[in-house]
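Raw contents of start-v8.csv, CSV, C-alpha atoms:
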```
chain,number,residue,atom,x,y,z
A,1,MET,CA,21.1,8.6,-22.4
A,2,ASN,CA,20.6,7.7,-18.7
A,3,GLY,CA,17.1,7.9,-17.4
A,4,GLY,CA,15.6,8.5,-20.8
A,5,GLY,CA,15.2,5.0,-22.1
A,6,SER,CA,14.3,6.3,-25.5
A,7,GLY,CA,17.8,6.6,-26.8
A,8,PRO,CA,19.7,3.7,-28.4
A,9,VAL,CA,22.0,3.0,-25.4
A,10,LEU,CA,20.0,1.2,-22.8
A,11,ASN,CA,21.5,0.8,-19.4
A,12,ALA,CA,20.7,-2.0,-16.9
A,13,LEU,CA,17.8,-0.1,-15.5
A,14,ASP,CA,16.3,0.7,-18.9
A,15,ARG,CA,16.6,-2.9,-19.9
A,16,LEU,CA,14.7,-4.0,-16.8
A,17,VAL,CA,12.0,-1.5,-17.5
A,18,VAL,CA,11.6,-2.7,-21.1
A,19,LEU,CA,11.3,-6.3,-19.8
A,20,LEU,CA,8.8,-5.5,-17.1
A,21,SER,CA,6.6,-3.5,-19.5
A,22,LYS,CA,6.0,-6.7,-21.4
A,23,LEU,CA,4.0,-8.0,-18.5
A,24,PRO,CA,0.2,-7.9,-18.9
A,25,GLY,CA,-1.4,-4.6,-17.6
A,26,ILE,CA,2.1,-3.0,-17.0
A,27,GLY,CA,2.7,0.1,-19.1
A,28,ARG,CA,6.0,2.0,-19.2
A,29,LYS,CA,5.2,4.2,-16.2
A,30,SER,CA,4.3,1.2,-14.0
A,31,ALA,CA,7.4,-0.7,-15.2
A,32,GLY,CA,9.6,2.3,-14.3
A,33,ARG,CA,8.0,2.5,-10.9
A,34,MET,CA,8.6,-1.2,-10.3
A,35,ALA,CA,12.2,-1.1,-11.5
A,36,TYR,CA,13.1,1.8,-9.2
A,37,HIS,CA,11.3,0.1,-6.3
A,38,ILE,CA,13.4,-3.0,-6.9
A,39,LEU,CA,16.6,-0.9,-7.1
A,40,GLU,CA,15.8,0.9,-3.9
A,41,SER,CA,14.8,-2.3,-2.1
A,42,ASP,CA,17.1,-4.8,-0.3
A,43,PRO,CA,19.1,-6.6,-3.1
A,44,ASN,CA,17.9,-9.8,-1.5
A,45,TYR,CA,14.5,-9.1,-3.0
A,46,ALA,CA,15.9,-8.9,-6.5
A,47,ARG,CA,18.0,-12.0,-6.0
A,48,THR,CA,15.1,-14.1,-4.6
A,49,LEU,CA,12.8,-12.9,-7.5
A,50,ALA,CA,15.5,-13.8,-10.0
A,51,GLU,CA,16.0,-17.3,-8.5
A,52,GLN,CA,12.2,-17.8,-8.6
A,53,LEU,CA,12.1,-16.8,-12.2
A,54,GLN,CA,15.1,-19.0,-13.1
A,55,THR,CA,13.5,-22.2,-11.7
A,56,LEU,CA,9.8,-21.4,-12.6
A,57,HIS,CA,9.7,-23.3,-15.9
A,58,SER,CA,11.5,-26.3,-14.6
A,59,ALA,CA,9.5,-26.5,-11.4
A,60,ILE,CA,6.0,-26.0,-12.8
A,61,ARG,CA,4.4,-28.3,-15.5
A,62,ARG,CA,0.9,-29.0,-16.6
A,63,CYS,CA,-1.1,-31.6,-14.9
A,64,SER,CA,-1.6,-34.5,-17.3
A,65,ILE,CA,-5.2,-35.0,-16.1
A,66,CYS,CA,-6.7,-31.5,-15.8
A,67,GLY,CA,-4.1,-29.3,-17.6
A,68,SER,CA,-3.6,-26.8,-14.7
A,69,PHE,CA,-0.1,-25.7,-13.6
A,70,THR,CA,1.4,-27.9,-10.9
A,71,GLU,CA,4.7,-29.0,-9.3
A,72,ALA,CA,3.6,-32.6,-9.0
A,73,ASP,CA,1.8,-34.5,-11.8
A,74,PRO,CA,-1.0,-35.3,-11.3
A,75,CYS,CA,-1.8,-32.1,-9.5
A,76,PRO,CA,-2.9,-31.9,-5.8
A,77,ILE,CA,-6.5,-31.1,-6.8
A,78,CYS,CA,-6.7,-34.2,-9.1
A,79,THR,CA,-5.3,-36.5,-6.4
A,80,ASP,CA,-7.1,-35.0,-3.4
A,81,PRO,CA,-9.5,-37.8,-2.2
A,82,ASN,CA,-11.6,-35.3,-0.4
A,83,ARG,CA,-12.7,-33.6,-3.6
A,84,ASP,CA,-15.7,-34.6,-5.6
A,85,SER,CA,-14.3,-36.4,-8.7
A,86,LEU,CA,-17.7,-36.6,-10.3
A,87,THR,CA,-18.1,-32.8,-10.7
A,88,ILE,CA,-15.8,-31.1,-13.2
A,89,CYS,CA,-15.4,-27.4,-13.6
A,90,VAL,CA,-14.3,-26.5,-17.1
A,91,VAL,CA,-12.2,-23.3,-17.4
A,92,GLU,CA,-10.5,-21.5,-20.3
A,93,ARG,CA,-7.1,-21.0,-18.7
A,94,ALA,CA,-5.0,-22.4,-15.9
A,95,GLN,CA,-5.1,-19.2,-14.0
A,96,ASP,CA,-8.9,-19.5,-13.8
A,97,VAL,CA,-8.3,-22.5,-11.5
A,98,ARG,CA,-6.5,-20.2,-9.0
A,99,VAL,CA,-9.3,-17.6,-9.1
A,100,ILE,CA,-12.0,-20.3,-8.4
A,101,GLU,CA,-9.9,-21.9,-5.8
A,102,GLU,CA,-9.5,-18.6,-4.0
A,103,SER,CA,-13.3,-18.2,-3.9
A,104,ARG,CA,-13.5,-21.6,-2.0
A,105,GLU,CA,-16.8,-22.1,-3.7
A,106,PHE,CA,-16.0,-25.3,-5.5
A,107,ARG,CA,-14.9,-28.7,-4.2
A,108,GLY,CA,-14.8,-30.8,-7.4
A,109,ARG,CA,-12.1,-31.2,-10.0
A,110,PHE,CA,-11.1,-29.0,-12.9
A,111,HIS,CA,-10.5,-29.2,-16.6
A,112,VAL,CA,-8.4,-26.5,-18.4
A,113,LEU,CA,-9.4,-26.1,-22.1
A,114,GLY,CA,-6.3,-24.0,-23.0
A,115,GLY,CA,-8.4,-21.4,-24.8
A,116,LEU,CA,-11.8,-20.8,-26.3
A,117,ILE,CA,-13.2,-21.5,-29.7
A,118,ALA,CA,-12.6,-18.5,-31.9
A,119,PRO,CA,-13.0,-19.2,-35.6
A,120,LEU,CA,-11.8,-15.7,-36.7
A,121,GLU,CA,-8.5,-16.4,-34.9
A,122,GLY,CA,-8.3,-19.9,-36.4
A,123,ILE,CA,-8.9,-21.6,-33.0
A,124,GLY,CA,-11.2,-24.6,-33.6
A,125,PRO,CA,-12.3,-27.2,-31.1
A,126,ASP,CA,-9.4,-29.4,-32.2
A,127,LYS,CA,-6.9,-26.9,-30.7
A,128,LEU,CA,-8.4,-27.2,-27.3
A,129,ALA,CA,-8.4,-30.0,-24.7
A,130,ILE,CA,-12.0,-31.0,-25.5
A,131,GLY,CA,-11.3,-34.6,-26.5
A,132,ASP,CA,-9.6,-35.1,-23.1
A,133,LEU,CA,-12.6,-33.7,-21.4
A,134,LEU,CA,-15.1,-36.0,-23.2
A,135,ASN,CA,-12.9,-39.0,-22.4
A,136,ARG,CA,-12.7,-38.0,-18.7
A,137,VAL,CA,-16.4,-37.5,-18.4
A,138,ARG,CA,-17.2,-40.9,-20.0
A,139,ARG,CA,-14.4,-42.8,-18.3
A,140,ASP,CA,-15.1,-41.5,-14.8
A,141,GLY,CA,-18.9,-41.4,-15.1
A,142,VAL,CA,-18.9,-37.7,-14.2
A,143,LYS,CA,-22.3,-36.5,-12.9
A,144,GLU,CA,-22.0,-32.7,-13.6
A,145,VAL,CA,-19.9,-30.6,-15.9
A,146,ILE,CA,-19.9,-26.9,-14.8
A,147,LEU,CA,-18.9,-24.6,-17.7
A,148,ALA,CA,-17.0,-21.7,-16.2
A,149,MET,CA,-15.9,-19.8,-19.3
A,150,ASN,CA,-16.3,-16.0,-19.3
A,151,PRO,CA,-19.6,-14.6,-20.6
A,152,THR,CA,-18.1,-13.4,-23.9
A,153,VAL,CA,-18.9,-14.3,-27.5
A,154,GLU,CA,-16.1,-16.9,-27.5
A,155,GLY,CA,-17.1,-18.2,-24.1
A,156,ASP,CA,-20.7,-18.6,-25.3
A,157,THR,CA,-19.7,-20.3,-28.5
A,158,THR,CA,-17.4,-22.7,-26.6
A,159,ALA,CA,-20.1,-23.4,-24.0
A,160,LEU,CA,-22.7,-24.2,-26.7
A,161,TYR,CA,-20.2,-26.5,-28.4
A,162,LEU,CA,-19.4,-28.4,-25.2
A,163,GLN,CA,-23.1,-28.6,-24.3
A,164,ARG,CA,-23.8,-30.4,-27.6
A,165,GLN,CA,-20.7,-32.7,-27.3
A,166,LEU,CA,-21.7,-33.7,-23.8
A,167,LYS,CA,-25.4,-34.2,-24.5
A,168,ASP,CA,-25.3,-38.0,-24.6
A,169,SER,CA,-22.5,-38.4,-22.0
A,170,GLY,CA,-24.9,-38.8,-19.1
A,171,ALA,CA,-23.5,-35.8,-17.3
A,172,GLU,CA,-25.6,-32.8,-16.4
A,173,VAL,CA,-24.1,-29.7,-18.1
A,174,THR,CA,-24.5,-26.4,-16.2
A,175,ARG,CA,-22.9,-22.9,-16.7
A,176,LEU,CA,-22.0,-20.2,-14.2
A,177,ALA,CA,-24.8,-17.6,-13.7
A,178,SER,CA,-24.3,-14.4,-15.6
A,179,GLY,CA,-25.9,-11.1,-14.4
A,180,LEU,CA,-25.4,-8.1,-12.2
A,181,PRO,CA,-22.2,-8.2,-10.2
A,182,VAL,CA,-22.7,-8.1,-6.4
A,183,GLY,CA,-22.5,-4.5,-5.3
A,184,GLY,CA,-23.1,-3.3,-8.8
A,185,ASP,CA,-25.7,-0.8,-9.9
A,186,LEU,CA,-28.5,-1.3,-12.4
A,187,GLU,CA,-27.7,2.2,-13.8
A,188,TYR,CA,-24.2,1.1,-14.8
A,189,ALA,CA,-25.0,-2.4,-16.1
A,190,ASP,CA,-24.6,-2.8,-19.9
A,191,ARG,CA,-27.7,-3.9,-21.9
A,192,LEU,CA,-26.4,-7.5,-22.4
A,193,THR,CA,-25.7,-8.0,-18.7
A,194,LEU,CA,-29.1,-6.7,-17.9
A,195,SER,CA,-30.7,-8.9,-20.4
A,196,ARG,CA,-28.9,-11.9,-19.0
A,197,SER,CA,-29.9,-11.1,-15.5
A,198,PHE,CA,-33.5,-11.0,-16.6
A,199,ARG,CA,-33.3,-14.3,-18.4
A,200,GLY,CA,-31.5,-15.9,-15.4
A,201,ARG,CA,-33.9,-14.4,-12.8
A,202,MET,CA,-34.6,-16.7,-9.9
A,203,LYS,CA,-37.7,-17.3,-7.8
A,204,LEU,CA,-37.4,-16.1,-4.2
B,1,MET,CA,-3.6,-26.6,-2.2
B,2,ASN,CA,-2.3,-26.0,-5.7
B,3,GLY,CA,-3.5,-22.7,-7.1
B,4,GLY,CA,-4.8,-21.6,-3.7
B,5,GLY,CA,-1.8,-19.8,-2.5
B,6,SER,CA,-3.5,-19.4,0.9
B,7,GLY,CA,-2.5,-22.7,2.3
B,8,PRO,CA,0.8,-23.2,4.1
B,9,VAL,CA,2.4,-25.2,1.3
B,10,LEU,CA,3.5,-22.7,-1.4
B,11,ASN,CA,4.6,-24.0,-4.8
B,12,ALA,CA,7.0,-22.3,-7.1
B,13,LEU,CA,4.1,-20.4,-8.8
B,14,ASP,CA,2.6,-19.2,-5.5
B,15,ARG,CA,6.1,-18.0,-4.3
B,16,LEU,CA,6.5,-16.0,-7.5
B,17,VAL,CA,3.0,-14.5,-7.0
B,18,VAL,CA,3.9,-13.5,-3.4
B,19,LEU,CA,7.2,-11.9,-4.5
B,20,LEU,CA,5.5,-10.0,-7.4
B,21,SER,CA,2.7,-8.7,-5.2
B,22,LYS,CA,5.3,-6.8,-3.2
B,23,LEU,CA,5.9,-4.5,-6.1
B,24,PRO,CA,4.3,-1.1,-6.0
B,25,GLY,CA,0.8,-0.9,-7.4
B,26,ILE,CA,0.6,-4.7,-7.8
B,27,GLY,CA,-2.1,-6.5,-5.9
B,28,ARG,CA,-2.6,-10.3,-5.6
B,29,LYS,CA,-4.7,-10.4,-8.7
B,30,SER,CA,-2.2,-8.6,-10.9
B,31,ALA,CA,0.7,-10.6,-9.5
B,32,GLY,CA,-1.2,-13.8,-10.4
B,33,ARG,CA,-1.9,-12.6,-13.9
B,34,MET,CA,1.8,-11.6,-14.3
B,35,ALA,CA,3.0,-15.0,-12.9
B,36,TYR,CA,0.8,-17.0,-15.3
B,37,HIS,CA,1.8,-14.8,-18.2
B,38,ILE,CA,5.5,-15.5,-17.4
B,39,LEU,CA,4.8,-19.2,-17.1
B,40,GLU,CA,3.0,-19.3,-20.4
B,41,SER,CA,5.6,-17.2,-22.2
B,42,ASP,CA,8.8,-18.4,-23.8
B,43,PRO,CA,11.1,-19.5,-20.9
B,44,ASN,CA,13.7,-17.1,-22.4
B,45,TYR,CA,11.7,-14.2,-21.1
B,46,ALA,CA,11.9,-15.5,-17.5
B,47,ARG,CA,15.6,-16.2,-17.9
B,48,THR,CA,16.4,-12.8,-19.3
B,49,LEU,CA,14.3,-11.1,-16.6
B,50,ALA,CA,16.1,-13.1,-14.0
B,51,GLU,CA,19.5,-12.2,-15.3
B,52,GLN,CA,18.6,-8.6,-15.4
B,53,LEU,CA,17.4,-8.7,-11.8
B,54,GLN,CA,20.6,-10.6,-10.7
B,55,THR,CA,22.9,-7.9,-12.1
B,56,LEU,CA,20.8,-4.9,-11.4
B,57,HIS,CA,22.3,-3.9,-8.0
B,58,SER,CA,25.9,-4.4,-9.1
B,59,ALA,CA,25.4,-2.6,-12.5
B,60,ILE,CA,23.5,0.5,-11.2
B,61,ARG,CA,24.9,2.9,-8.6
B,62,ARG,CA,24.1,6.4,-7.5
B,63,CYS,CA,25.8,9.3,-9.3
B,64,SER,CA,28.2,10.9,-6.9
B,65,ILE,CA,27.3,14.4,-8.2
B,66,CYS,CA,23.5,14.4,-8.7
B,67,GLY,CA,22.4,11.2,-6.8
B,68,SER,CA,20.5,9.7,-9.7
B,69,PHE,CA,20.8,6.0,-10.7
B,70,THR,CA,23.5,5.3,-13.3
B,71,GLU,CA,25.9,2.7,-14.6
B,72,ALA,CA,28.8,5.1,-15.0
B,73,ASP,CA,29.7,7.5,-12.2
B,74,PRO,CA,29.4,10.5,-12.8
B,75,CYS,CA,26.2,9.9,-14.8
B,76,PRO,CA,25.8,10.7,-18.5
B,77,ILE,CA,23.7,13.7,-17.6
B,78,CYS,CA,26.3,15.2,-15.3
B,79,THR,CA,29.1,14.7,-17.8
B,80,ASP,CA,27.1,15.7,-21.0
B,81,PRO,CA,28.9,18.9,-22.2
B,82,ASN,CA,25.7,19.9,-24.2
B,83,ARG,CA,23.7,20.3,-21.1
B,84,ASP,CA,23.4,23.5,-19.2
B,85,SER,CA,25.5,23.0,-16.0
B,86,LEU,CA,24.3,26.3,-14.6
B,87,THR,CA,20.6,25.2,-14.2
B,88,ILE,CA,19.8,22.5,-11.7
B,89,CYS,CA,16.5,20.8,-11.4
B,90,VAL,CA,15.9,19.5,-7.8
B,91,VAL,CA,13.8,16.4,-7.5
B,92,GLU,CA,12.6,14.2,-4.7
B,93,ARG,CA,13.6,10.8,-6.0
B,94,ALA,CA,15.8,9.3,-8.7
B,95,GLN,CA,12.8,8.2,-10.7
B,96,ASP,CA,11.7,11.8,-11.1
B,97,VAL,CA,14.8,12.3,-13.3
B,98,ARG,CA,13.4,9.7,-15.7
B,99,VAL,CA,10.0,11.3,-15.8
B,100,ILE,CA,11.4,14.7,-16.6
B,101,GLU,CA,13.9,13.3,-19.1
B,102,GLU,CA,11.1,11.7,-20.9
B,103,SER,CA,9.2,15.0,-21.3
B,104,ARG,CA,12.3,16.4,-23.1
B,105,GLU,CA,11.5,19.7,-21.5
B,106,PHE,CA,14.7,20.3,-19.5
B,107,ARG,CA,18.3,20.4,-20.7
B,108,GLY,CA,20.1,21.3,-17.5
B,109,ARG,CA,21.4,19.1,-14.7
B,110,PHE,CA,19.6,17.3,-11.8
B,111,HIS,CA,19.9,17.0,-8.1
B,112,VAL,CA,18.2,14.2,-6.3
B,113,LEU,CA,17.2,15.0,-2.6
B,114,GLY,CA,16.4,11.4,-1.7
B,115,GLY,CA,13.2,12.4,0.0
B,116,LEU,CA,11.2,15.4,1.3
B,117,ILE,CA,11.3,17.1,4.7
B,118,ALA,CA,8.6,15.4,6.8
B,119,PRO,CA,8.9,16.3,10.5
B,120,LEU,CA,6.2,13.9,11.5
B,121,GLU,CA,8.1,11.0,10.0
B,122,GLY,CA,11.4,12.2,11.5
B,123,ILE,CA,12.8,13.3,8.2
B,124,GLY,CA,14.7,16.6,8.7
B,125,PRO,CA,16.8,18.5,6.2
B,126,ASP,CA,19.9,16.7,7.5
B,127,LYS,CA,18.5,13.4,6.1
B,128,LEU,CA,18.4,14.8,2.6
B,129,ALA,CA,21.1,15.7,0.1
B,130,ILE,CA,20.6,19.4,0.8
B,131,GLY,CA,24.2,20.2,1.9
B,132,ASP,CA,25.5,18.7,-1.4
B,133,LEU,CA,23.0,20.9,-3.3
B,134,LEU,CA,24.2,24.1,-1.6
B,135,ASN,CA,27.8,23.2,-2.2
B,136,ARG,CA,27.1,22.5,-5.9
B,137,VAL,CA,25.3,25.8,-6.4
B,138,ARG,CA,28.0,27.8,-4.7
B,139,ARG,CA,31.0,25.9,-6.3
B,140,ASP,CA,29.6,25.9,-9.8
B,141,GLY,CA,28.1,29.4,-9.7
B,142,VAL,CA,24.7,28.0,-10.6
B,143,LYS,CA,22.3,30.6,-12.1
B,144,GLU,CA,18.9,28.9,-11.6
B,145,VAL,CA,17.6,26.2,-9.3
B,146,ILE,CA,14.3,24.8,-10.4
B,147,LEU,CA,12.4,23.1,-7.5
B,148,ALA,CA,10.5,20.2,-9.0
B,149,MET,CA,9.1,18.5,-5.9
B,150,ASN,CA,5.4,17.5,-6.0
B,151,PRO,CA,2.8,20.1,-4.9
B,152,THR,CA,2.1,18.3,-1.6
B,153,VAL,CA,2.5,19.5,2.0
B,154,GLU,CA,6.0,17.9,2.2
B,155,GLY,CA,6.9,19.2,-1.2
B,156,ASP,CA,5.9,22.7,-0.2
B,157,THR,CA,7.7,22.5,3.1
B,158,THR,CA,10.9,21.3,1.3
B,159,ALA,CA,10.6,24.0,-1.4
B,160,LEU,CA,10.2,26.7,1.2
B,161,TYR,CA,13.2,25.4,3.2
B,162,LEU,CA,15.4,25.3,0.0
B,163,GLN,CA,14.3,28.7,-1.1
B,164,ARG,CA,15.5,30.1,2.3
B,165,GLN,CA,18.8,28.2,2.2
B,166,LEU,CA,19.5,29.4,-1.4
B,167,LYS,CA,18.5,33.0,-0.8
B,168,ASP,CA,22.1,34.3,-0.6
B,169,SER,CA,23.6,31.8,-3.1
B,170,GLY,CA,23.2,34.1,-6.1
B,171,ALA,CA,21.1,31.6,-7.9
B,172,GLU,CA,17.5,32.3,-8.9
B,173,VAL,CA,15.1,29.8,-7.3
B,174,THR,CA,12.0,28.8,-9.2
B,175,ARG,CA,9.4,26.1,-8.8
B,176,LEU,CA,7.3,24.2,-11.3
B,177,ALA,CA,3.9,25.7,-12.0
B,178,SER,CA,1.0,24.1,-10.2
B,179,GLY,CA,-2.5,24.3,-11.5
B,180,LEU,CA,-5.0,22.6,-13.7
B,181,PRO,CA,-3.7,19.6,-15.6
B,182,VAL,CA,-3.8,19.9,-19.4
B,183,GLY,CA,-7.0,18.4,-20.6
B,184,GLY,CA,-8.5,18.6,-17.2
B,185,ASP,CA,-11.8,20.1,-16.3
B,186,LEU,CA,-12.5,22.9,-13.8
B,187,GLU,CA,-15.5,20.9,-12.5
B,188,TYR,CA,-13.2,18.1,-11.3
B,189,ALA,CA,-10.4,20.2,-10.0
B,190,ASP,CA,-10.0,20.2,-6.2
B,191,ARG,CA,-10.2,23.5,-4.3
B,192,LEU,CA,-6.4,23.6,-3.6
B,193,THR,CA,-5.5,23.1,-7.2
B,194,LEU,CA,-8.0,25.7,-8.3
B,195,SER,CA,-6.6,28.1,-5.8
B,196,ARG,CA,-3.1,27.5,-7.0
B,197,SER,CA,-4.1,28.0,-10.6
B,198,PHE,CA,-5.6,31.4,-9.7
B,199,ARG,CA,-2.6,32.5,-7.8
B,200,GLY,CA,-0.3,31.4,-10.6
B,201,ARG,CA,-2.4,32.9,-13.4
B,202,MET,CA,-0.4,34.3,-16.2
B,203,LYS,CA,-1.0,37.4,-18.4
B,204,LEU,CA,-1.8,36.4,-22.0
```

Please, can you express the file's structure as structure tokens?
Amino acid sequence: MNGGGSGPVLNALDRLVVLLSKLPGIGRKSAGRMAYHILESDPNYARTLAEQLQTLHSAIRRCSICGSFTEADPCPICTDPNRDSLTICVVERAQDVRVIEESREFRGRFHVLGGLIAPLEGIGPDKLAIGDLLNRVRRDGVKEVILAMNPTVEGDTTALYLQRQLKDSGAEVTRLASGLPVGGDLEYADRLTLSRSFRGRMKL
Amino acid sequence: MNGGGSGPVLNALDRLVVLLSKLPGIGRKSAGRMAYHILESDPNYARTLAEQLQTLHSAIRRCSICGSFTEADPCPICTDPNRDSLTICVVERAQDVRVIEESREFRGRFHVLGGLIAPLEGIGPDKLAIGDLLNRVRRDGVKEVILAMNPTVEGDTTALYLQRQLKDSGAEVTRLASGLPVGGDLEYADRLTLSRSFRGRMKL
């Protein structure tokens, strides 16, 4: 039935809604709003978006050095002579590279692990790009490894594991500070965040 | 500039993010998350989505009777003999048809206005499918016209205008109840909603 989307006969609009609702953070309502927006927009928009999606997987690959997504391999960050090759920021996923790049806070290189250690889900260190990291650190004589995984149980576990693995590598191992978010309110901070912000307090 | 998206050289991933962030309710962060999700998913997903987008505008048109989006013209709702053709629900936009259909609350036909009267934006009654509605009501001898526009200034203006236009049509004109949302809390209701829920109070 047209517009319903719950009947067995799906029309082109319903099929688009179903596909869009598979995207992260997009429920059925948002997917519907998006589909109607596309339908009411200039058809050129849908065409350009379709072309971009068609070519995405052939245009983008993983950088063979750092594991981030790139058109050219090695990626522009790994080949940029103006970036500090002796400082490596280790992140969980390729999209974390984008987030950190947008902050313009870091001018070194990256290393994408491709996940976090999660024994309950069967993800051990061997499933992650940890061997590559250790090789890079030793081969290039890296001075500092900044661990930038999220402050979660898996992030903490992975950070601890990497810290141990890198102990004798000669590189200093640091981790991003965890604590109250800027603009946040003590009253709304959870106990763990508060506890971390105490432990990480800094002298003024 | 890989991953930055703010530099002048956009790669395939950045271009996808820019396109996705034009969708309603999708900011740069969500668009980034969506793009990476697509990149990390089975390429078949991107391909299917691309195909759906390519064919969308040729597959879907507006129903010549009610104005909703459909593959077949007239749409399945307008041609469904099991639906009450003497009750018309008038909505602002085609996507409102979907919302109401999903509630399974209404078994009549629809009429899409294509907007609301908004003098400040230069949208007068002549820009909307109001003439078509009046013709339908008279021609088919419609018994009830349910006005289902949102309870906003423009929705109220349009409802008032339609009510006047339909006065001598023989059809009863009703409007969706406005008041406290189910599960809502008096404490968080705004003054106007509260005022409407008083005016629309019902005898138990």

### Query
Mind listing as a PyMOL selection string which residues of chain B are within 7 Å of chain A, counting only C-alpha atoms?
chain B and resi 1-4+11-13+16+19+23-24+34+36+39+43+46-47+49-54+56-57+59-60+70-71+76-77+95+97-98+101-102

Saved selection, atoms kept: C-alpha atoms, as a PDB file, in the coordinates of the input:
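Result written to out11.pdb:
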```pdb
ATOM      1  CA  MET B   1      -3.600 -26.600  -2.200  1.00  0.00           C
ATOM      2  CA  ASN B   2      -2.300 -26.000  -5.700  1.00  0.00           C
ATOM      3  CA  GLY B   3      -3.500 -22.700  -7.100  1.00  0.00           C
ATOM      4  CA  GLY B   4      -4.800 -21.600  -3.700  1.00  0.00           C
ATOM      5  CA  ASN B  11       4.600 -24.000  -4.800  1.00  0.00           C
ATOM      6  CA  ALA B  12       7.000 -22.300  -7.100  1.00  0.00           C
ATOM      7  CA  LEU B  13       4.100 -20.400  -8.800  1.00  0.00           C
ATOM      8  CA  LEU B  16       6.500 -16.000  -7.500  1.00  0.00           C
ATOM      9  CA  LEU B  19       7.200 -11.900  -4.500  1.00  0.00           C
ATOM     10  CA  LEU B  23       5.900  -4.500  -6.100  1.00  0.00           C
ATOM     11  CA  PRO B  24       4.300  -1.100  -6.000  1.00  0.00           C
ATOM     12  CA  MET B  34       1.800 -11.600 -14.300  1.00  0.00           C
ATOM     13  CA  TYR B  36       0.800 -17.000 -15.300  1.00  0.00           C
ATOM     14  CA  LEU B  39       4.800 -19.200 -17.100  1.00  0.00           C
ATOM     15  CA  PRO B  43      11.100 -19.500 -20.900  1.00  0.00           C
ATOM     16  CA  ALA B  46      11.900 -15.500 -17.500  1.00  0.00           C
ATOM     17  CA  ARG B  47      15.600 -16.200 -17.900  1.00  0.00           C
ATOM     18  CA  LEU B  49      14.300 -11.100 -16.600  1.00  0.00           C
ATOM     19  CA  ALA B  50      16.100 -13.100 -14.000  1.00  0.00           C
ATOM     20  CA  GLU B  51      19.500 -12.200 -15.300  1.00  0.00           C
ATOM     21  CA  GLN B  52      18.600  -8.600 -15.400  1.00  0.00           C
ATOM     22  CA  LEU B  53      17.400  -8.700 -11.800  1.00  0.00           C
ATOM     23  CA  GLN B  54      20.600 -10.600 -10.700  1.00  0.00           C
ATOM     24  CA  LEU B  56      20.800  -4.900 -11.400  1.00  0.00           C
ATOM     25  CA  HIS B  57      22.300  -3.900  -8.000  1.00  0.00           C
ATOM     26  CA  ALA B  59      25.400  -2.600 -12.500  1.00  0.00           C
ATOM     27  CA  ILE B  60      23.500   0.500 -11.200  1.00  0.00           C
ATOM     28  CA  THR B  70      23.500   5.300 -13.300  1.00  0.00           C
ATOM     29  CA  GLU B  71      25.900   2.700 -14.600  1.00  0.00           C
ATOM     30  CA  PRO B  76      25.800  10.700 -18.500  1.00  0.00           C
ATOM     31  CA  ILE B  77      23.700  13.700 -17.600  1.00  0.00           C
ATOM     32  CA  GLN B  95      12.800   8.200 -10.700  1.00  0.00           C
ATOM     33  CA  VAL B  97      14.800  12.300 -13.300  1.00  0.00           C
ATOM     34  CA  ARG B  98      13.400   9.700 -15.700  1.00  0.00           C
ATOM     35  CA  GLU B 101      13.900  13.300 -19.100  1.00  0.00           C
ATOM     36  CA  GLU B 102      11.100  11.700 -20.900  1.00  0.00           C
TER      37      GLU B 102
END
```

### Query
Nearest to Thr193 of chain B among B:Ser21, B:Gln163, B:Asn150, B:Ser178, with distances taken over only C-alpha atoms: which residue is it?
B:Ser178

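Counting from atom CA of Ala118 of chain A, the distance to atom CA of Leu134 of chain A is 19.7 Å.
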
#### Entry: Atomic distance atom CA of Phe110 of chain A - atom CA of Leu133 of chain A, expressed in Å with one decimal
9.8 Å

### Query
Which residues come within 12 Å of Ser85 of chain B, counting all atoms listed in the file, excluding same-chain residues fewer than 4 positions away, as a PyMOL selection string?
chain B and resi 65-66+77-81+89+106-111+136-137+139-145

### Query
Using all atoms listed in the file, which residue out of B:Val112, B:Cys63, B:Met202, B:Ile130 lies closest to Gln165 of chain B?
B:Ile130

### Message
Could you list, as a PyMOL selection string, every residue within 8 Å of Arg175 of chain B, counting all atoms listed in the file and ignoring same-chain residues fewer than 4 positions away?
### Response
chain B and resi 146-148+159

### Message
I'd like the interatomic distance between atom CA of Tyr188 of chain A and atom CA of Asp185 of chain B, to a tenth of an Å.
### Response
22.7 Å

### Task
Name all residues at most 12 Å from Pro125 of chain A (count all atoms listed in the file; drop same-chain ones fewer than 4 positions away) and give them as a VMD selection string.
chain A and resid 113 to 119 129 to 133 154 157 to 162 165
